[in-house]
Each structure stands twice: as C-alpha cells, then as structure tokens.
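start03.cif (mmCIF, C-alpha atoms)
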data_my_file
loop_
_atom_site.group_PDB
_atom_site.id
_atom_site.type_symbol
_atom_site.label_atom_id
_atom_site.label_comp_id
_atom_site.auth_asym_id
_atom_site.auth_seq_id
_atom_site.Cartn_x
_atom_site.Cartn_y
_atom_site.Cartn_z
ATOM 1 C CA VAL A 1 71.490 66.188 30.271
ATOM 2 C CA CYS A 2 70.051 69.152 32.182
ATOM 3 C CA ALA A 3 70.883 67.623 35.573
ATOM 4 C CA GLU A 4 74.430 66.989 34.425
ATOM 5 C CA ALA A 5 74.712 70.587 33.223
ATOM 6 C CA GLY A 6 73.518 72.031 36.537
ATOM 7 C CA LEU A 7 70.014 72.855 35.363
ATOM 8 C CA HIS A 8 66.880 71.416 36.978
ATOM 9 C CA PRO A 9 65.189 69.403 34.193
ATOM 10 C CA PHE A 10 61.667 70.749 34.881
ATOM 11 C CA THR A 11 62.091 74.204 36.381
ATOM 12 C CA ARG A 12 65.280 75.115 34.469
ATOM 13 C CA HIS A 13 66.638 76.721 37.659
ATOM 14 C CA GLU A 14 70.321 76.359 38.362
ATOM 15 C CA SER A 15 71.182 73.382 40.529
ATOM 16 C CA PRO A 16 74.424 71.632 41.421
ATOM 17 C CA PRO A 17 75.684 69.604 38.439
ATOM 18 C CA ILE A 18 75.623 65.854 39.005
ATOM 19 C CA ARG A 19 77.311 62.820 37.454
ATOM 20 C CA THR A 20 74.978 60.850 35.191
ATOM 21 C CA LEU A 21 74.994 57.525 33.403
ATOM 22 C CA THR A 22 72.514 56.888 30.593
ATOM 23 C CA MET A 23 71.743 53.221 29.966
ATOM 24 C CA ASP A 24 69.660 52.839 26.820
ATOM 25 C CA LEU A 25 68.200 49.419 26.016
ATOM 26 C CA GLU A 26 66.588 50.527 22.766
ATOM 27 C CA ASN A 27 68.775 52.976 20.838
ATOM 28 C CA LYS A 28 72.351 53.115 19.648
ATOM 29 C CA ARG A 29 74.705 55.534 21.412
ATOM 30 C CA ARG A 30 74.939 57.716 18.305
ATOM 31 C CA ALA A 31 71.167 58.239 18.237
ATOM 32 C CA MET A 32 71.211 59.141 21.926
ATOM 33 C CA THR A 33 74.066 61.639 21.672
ATOM 34 C CA ASP A 34 72.464 63.239 18.599
ATOM 35 C CA SER A 35 69.218 63.553 20.552
ATOM 36 C CA PHE A 36 71.089 65.081 23.506
ATOM 37 C CA ARG A 37 72.746 67.653 21.233
ATOM 38 C CA LEU A 38 69.401 68.709 19.732
ATOM 39 C CA ALA A 39 67.818 69.016 23.183
ATOM 40 C CA LEU A 40 70.778 71.046 24.428
ATOM 41 C CA ARG A 41 70.599 73.456 21.499
ATOM 42 C CA SER A 42 66.921 74.044 22.212
ATOM 43 C CA ILE A 43 67.529 74.575 25.927
ATOM 44 C CA GLN A 44 70.514 76.836 25.290
ATOM 45 C CA ALA A 45 68.527 78.995 22.863
ATOM 46 C CA ARG A 46 65.423 79.190 25.050
ATOM 47 C CA ASP A 47 67.049 79.534 28.479
ATOM 48 C CA GLY A 48 70.250 81.363 27.585
ATOM 49 C CA MET A 49 72.342 78.488 28.883
ATOM 50 C CA ALA A 50 76.025 78.716 28.050
ATOM 51 C CA ASP A 51 77.365 76.363 25.396
ATOM 52 C CA TRP A 52 77.744 73.018 27.119
ATOM 53 C CA GLN A 53 78.422 69.504 25.871
ATOM 54 C CA PRO A 54 77.168 66.305 27.562
ATOM 55 C CA LYS A 55 79.905 64.512 29.491
ATOM 56 C CA GLY A 56 78.083 61.608 31.122
ATOM 57 C CA PRO A 57 78.667 58.184 29.640
ATOM 58 C CA VAL A 58 76.011 56.546 27.485
ATOM 59 C CA TRP A 59 75.853 52.772 27.774
ATOM 60 C CA GLU A 60 73.982 51.048 24.982
ATOM 61 C CA ALA A 61 72.305 47.672 24.691
ATOM 62 C CA PRO A 62 69.884 48.244 21.793
ATOM 63 C CA GLY A 63 68.707 44.638 21.858
ATOM 64 C CA GLY A 64 67.892 44.864 25.541
ATOM 65 C CA MET A 65 69.460 42.827 28.307
ATOM 66 C CA ASN A 66 68.456 40.175 30.794
ATOM 67 C CA LEU A 67 68.928 41.246 34.408
ATOM 68 C CA LEU A 68 67.735 37.805 35.469
ATOM 69 C CA ASP A 69 71.091 36.571 34.139
ATOM 70 C CA GLY A 70 74.329 36.925 36.128
ATOM 71 C CA ARG A 71 76.383 38.115 33.138
ATOM 72 C CA ASP A 72 74.170 41.126 32.423
ATOM 73 C CA ARG A 73 73.933 41.906 36.144
ATOM 74 C CA ARG A 74 77.741 41.949 36.345
ATOM 75 C CA ARG A 75 77.987 44.178 33.235
ATOM 76 C CA LEU A 76 75.530 46.680 34.701
ATOM 77 C CA THR A 77 77.154 46.586 38.139
ATOM 78 C CA GLU A 78 80.584 47.176 36.618
ATOM 79 C CA ALA A 79 79.348 50.138 34.528
ATOM 80 C CA ILE A 80 77.924 51.750 37.667
ATOM 81 C CA ARG A 81 81.000 50.934 39.751
ATOM 82 C CA ARG A 82 83.289 52.511 37.118
ATOM 83 C CA THR A 83 81.286 55.699 36.561
ATOM 84 C CA ARG A 84 79.953 56.295 40.118
ATOM 85 C CA PRO A 85 76.910 58.248 38.889
ATOM 86 C CA ASP A 86 74.628 60.326 41.090
ATOM 87 C CA LEU A 87 71.752 59.563 38.722
ATOM 88 C CA VAL A 88 71.194 56.653 36.320
ATOM 89 C CA PHE A 89 68.783 57.010 33.414
ATOM 90 C CA PHE A 90 67.652 53.501 32.482
ATOM 91 C CA GLY A 91 65.190 52.095 30.026
ATOM 92 C CA PRO A 92 62.925 51.094 28.723
ATOM 93 C CA VAL A 93 62.501 48.798 31.683
ATOM 94 C CA TYR A 94 60.472 46.179 29.811
ATOM 95 C CA LYS A 95 63.626 45.396 27.791
ATOM 96 C CA SER A 96 65.656 44.676 30.937
ATOM 97 C CA PHE A 97 64.629 41.045 31.483
ATOM 98 C CA ARG A 98 63.531 37.886 29.713
ATOM 99 C CA PRO A 99 61.534 35.550 31.938
ATOM 100 C CA THR A 100 62.273 31.857 31.625
ATOM 101 C CA ALA A 101 59.543 29.426 30.603
ATOM 102 C CA GLY A 102 56.857 29.333 33.254
ATOM 103 C CA MET A 103 58.085 32.486 35.022
ATOM 104 C CA LYS A 104 55.490 35.244 35.277
ATOM 105 C CA ASP A 105 56.363 38.829 34.328
ATOM 106 C CA ASP A 106 55.482 39.998 37.859
ATOM 107 C CA SER A 107 58.003 37.609 39.425
ATOM 108 C CA ALA A 108 60.693 38.625 36.934
ATOM 109 C CA ALA A 109 59.975 42.340 37.437
ATOM 110 C CA LEU A 110 60.126 42.000 41.225
ATOM 111 C CA GLU A 111 63.500 40.282 40.924
ATOM 112 C CA VAL A 112 64.789 43.099 38.698
ATOM 113 C CA THR A 113 63.481 45.829 41.034
ATOM 114 C CA GLY A 114 65.163 44.024 43.936
ATOM 115 C CA PHE A 115 68.424 44.081 41.968
ATOM 116 C CA PHE A 116 67.980 47.803 41.250
ATOM 117 C CA ASP A 117 67.370 48.428 44.967
ATOM 118 C CA GLU A 118 70.571 46.537 45.849
ATOM 119 C CA LEU A 119 72.577 48.610 43.353
ATOM 120 C CA ARG A 120 71.088 51.882 44.620
ATOM 121 C CA ALA A 121 71.932 50.968 48.220
ATOM 122 C CA ARG A 122 75.445 49.804 47.351
ATOM 123 C CA PHE A 123 76.463 52.701 45.097
ATOM 124 C CA ASN A 124 74.193 55.490 46.446
ATOM 125 C CA PHE A 125 72.585 56.813 43.267
ATOM 126 C CA GLY A 126 69.088 57.675 42.117
ATOM 127 C CA MET A 127 67.366 56.119 39.128
ATOM 128 C CA TRP A 128 65.161 57.579 36.466
ATOM 129 C CA ILE A 129 63.521 54.597 34.821
ATOM 130 C CA GLU A 130 61.668 54.811 31.535
ATOM 131 C CA ALA A 131 58.539 52.675 31.344
ATOM 132 C CA HIS A 132 56.392 52.828 28.240
ATOM 133 C CA ALA A 133 52.661 53.447 28.348
ATOM 134 C CA PRO A 134 50.319 51.340 26.207
ATOM 135 C CA PHE A 135 48.796 52.769 23.040
ATOM 136 C CA GLY A 136 45.419 54.350 23.583
ATOM 137 C CA ASP A 137 42.227 54.139 21.590
ATOM 138 C CA GLY A 138 42.934 57.434 19.839
ATOM 139 C CA SER A 139 40.962 59.638 22.210
ATOM 140 C CA GLN A 140 42.750 59.049 25.491
ATOM 141 C CA ARG A 141 45.849 57.183 26.594
ATOM 142 C CA ASP A 142 46.388 55.442 29.914
ATOM 143 C CA LEU A 143 49.828 56.575 31.094
ATOM 144 C CA ARG A 144 50.410 53.820 33.637
ATOM 145 C CA PRO A 145 53.455 51.699 32.721
ATOM 146 C CA ILE A 146 52.688 48.816 30.383
ATOM 147 C CA GLY A 147 53.347 45.265 31.473
ATOM 148 C CA THR A 148 53.528 44.108 35.043
ATOM 149 C CA VAL A 149 51.887 46.011 37.900
ATOM 150 C CA ALA A 150 55.263 45.820 39.680
ATOM 151 C CA TRP A 151 56.357 48.928 37.763
ATOM 152 C CA GLN A 152 53.314 50.802 39.062
ATOM 153 C CA ARG A 153 54.009 49.863 42.702
ATOM 154 C CA TRP A 154 57.757 50.344 42.847
ATOM 155 C CA PRO A 155 58.670 53.981 42.072
ATOM 156 C CA GLU A 156 58.890 56.492 44.846
ATOM 157 C CA TYR A 157 57.951 59.137 42.325
ATOM 158 C CA GLY A 158 56.475 59.066 38.844
ATOM 159 C CA LYS A 159 56.088 61.550 36.011
ATOM 160 C CA ASN A 160 53.983 61.264 32.914
ATOM 161 C CA PHE A 161 54.781 63.260 29.819
ATOM 162 C CA ARG A 162 52.128 64.342 27.346
ATOM 163 C CA ARG A 163 52.568 66.054 24.020
ATOM 164 C CA ASP A 164 50.630 69.321 23.771
ATOM 165 C CA ASP A 165 48.186 69.028 20.871
ATOM 166 C CA ARG A 166 48.716 72.634 19.782
ATOM 167 C CA SER A 167 52.438 73.225 20.186
ATOM 168 C CA GLY A 168 53.780 69.686 20.018
ATOM 169 C CA ALA A 169 55.879 70.385 23.132
ATOM 170 C CA LEU A 170 56.127 67.845 25.943
ATOM 171 C CA SER A 171 54.468 68.754 29.201
ATOM 172 C CA VAL A 172 54.678 67.089 32.592
#
Please express the file's structure as structure tokens.
Amino acid sequence: VCAEAGLHPFTRHESPPIRTLTMDLENKRRAMTDSFRLALRSIQARDGMADWQPKGPVWEAPGGMNLLDGRDRRRLTEAIRRTRPDLVFFGPVYKSFRPTAGMKDDSAALEVTGFFDELRARFNFGMWIEAHAPFGDGSQRDLRPIGTVAWQRWPEYGKNFRRDDRSGALSV
C-alpha cells in the first residue's frame, strides 16, 4: 500500500508510486481492504501523509491455488497480464501448490519458483512473497520460511518481521 502511494514501506521517504497487485491465498478481499485501510490511517496519522485510498487490485483465492496445474497458472498469468503491476504481493507461498502423490515438496516448490521466474521475466515485475515461519518453543522463533528449503534458497532478498514485546509494533 505504501509503495503504491509513493512512500517507501520501511523508510517512509517519498518514492515514485508504483502499480501493485495483491494476490492473497488466505484471506477474503474484504479482510484485505479493511486491513489496508487501517494501515493507511495509521501511516497517515503518524507520517502526515495526505488522505489516500488504495487503488491496486486485490486478487483473492482464500482456499489457496495449485500452480502445478495449468488452469491456476493461466488464471495467475492473466491477472498479471491485465494489471501490468510493477510489484506483486503474493502469499502465503505454501498455499500456492498441491504436490501430487509421490511428489516431494522441494520438487513442487522448485517448479513453482521456476514459474514465478518465467512470469517475472515475461512481465517485468518484482515479487514480494509471504512465507510463514514455524511456531517457536515460546522463547525464540526461527524465522526461516517453513516447509521446503527451496524458499530459503530462492529469494534475492529477505526480510523478517518481529513484534516488539513492549510496544507491539512490527520491526524489521
């Protein structure tokens, strides 16, 4: 939402606004847009940002999808072709495929990352992919993506978010 509004999401410095596409495989569109509005109000109040409403499309598939299947690949490709985003927010990634019997998660994940790479090359956009971290033991939490090690090898850049124990705010 910040990137779309011309605000760097971490530094809050002005930056050129970009076209975004949010692809949520977990939540309904209504929940996402409500969440965006709350985040925007907070940012506007804290940073003095002018009143601004999100414009980027939100594509929902709350039950997940299967990017090992041609139909879901075509749906995703068409959404990207139509919107021509500069940046795609996608996730959670573990809900993006369903391996067939006998197929290992690593093989499935590598096929999906290959598909993402093809899309990025074809349509020239960046991706921000959400990968969940496993639950910790209560004292410390490993923030490496859960599931296949393919998610740990693939990104060019990764960020972990932690909630501050005192303020409750997210920190990078």
*One-decimal distance in Å that lies between CA of Gly64 (chain A) and CA of Lys95 (chain A)*: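 So the two atoms, CA of Lys95 (chain A) and CA of Gly64 (chain A), lie 4.9 Å apart.
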*Write out as a PyMOL selection string which residues come within 9 Å of Pro92 (chain A) when counting only C-alpha atoms, dropping same-chain ones fewer than 4 positions away.*
chain A and resi 24-26+64+96+129-132
_Which residues, named as in the file, does the PyMOL selection byres ((chain A and resi 22) around 7) pick out? Answer as a list in words._
Thr20, Leu21, Met23, Asp24, Pro57, Val58, Trp59, Val88, Phe89 and Phe90 of chain A
Could you write out the selected residues, including C-alpha atoms, as a JSON list (two decimals), in the frame of the given file?
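New file out-v7.json:
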[["chain", "number", "residue", "atom", "x", "y", "z"],
["A", 20, "THR", "CA", 74.98, 60.85, 35.19],
["A", 21, "LEU", "CA", 74.99, 57.52, 33.40],
["A", 23, "MET", "CA", 71.74, 53.22, 29.97],
["A", 24, "ASP", "CA", 69.66, 52.84, 26.82],
["A", 57, "PRO", "CA", 78.67, 58.18, 29.64],
["A", 58, "VAL", "CA", 76.01, 56.55, 27.48],
["A", 59, "TRP", "CA", 75.85, 52.77, 27.77],
["A", 88, "VAL", "CA", 71.19, 56.65, 36.32],
["A", 89, "PHE", "CA", 68.78, 57.01, 33.41],
["A", 90, "PHE", "CA", 67.65, 53.50, 32.48]]
*Identify all residues satisfying the PyMOL selection byres ((chain A and resi 66) around 8) in the given file; provide them as a list in words.*
Gly64, Met65, Leu67, Leu68, Asp69, Asp72, Arg73, Lys95, Ser96, Phe97 and Arg98 of chain A
*asked:* Using the chain letters and numbers from this file, what does the PyMOL selection byres ((chain A and resi 3) around 10) select? Give the answer as number ranges by chain.
replied: A: 1-2, 4-10, 12, 14-20, 86-87
*Can you tell me how far CA of Arg84 (chain A) sits from CA of Phe123 (chain A), in Å to one decimal?*
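That distance, rounded to one decimal, is 7.1 Å.
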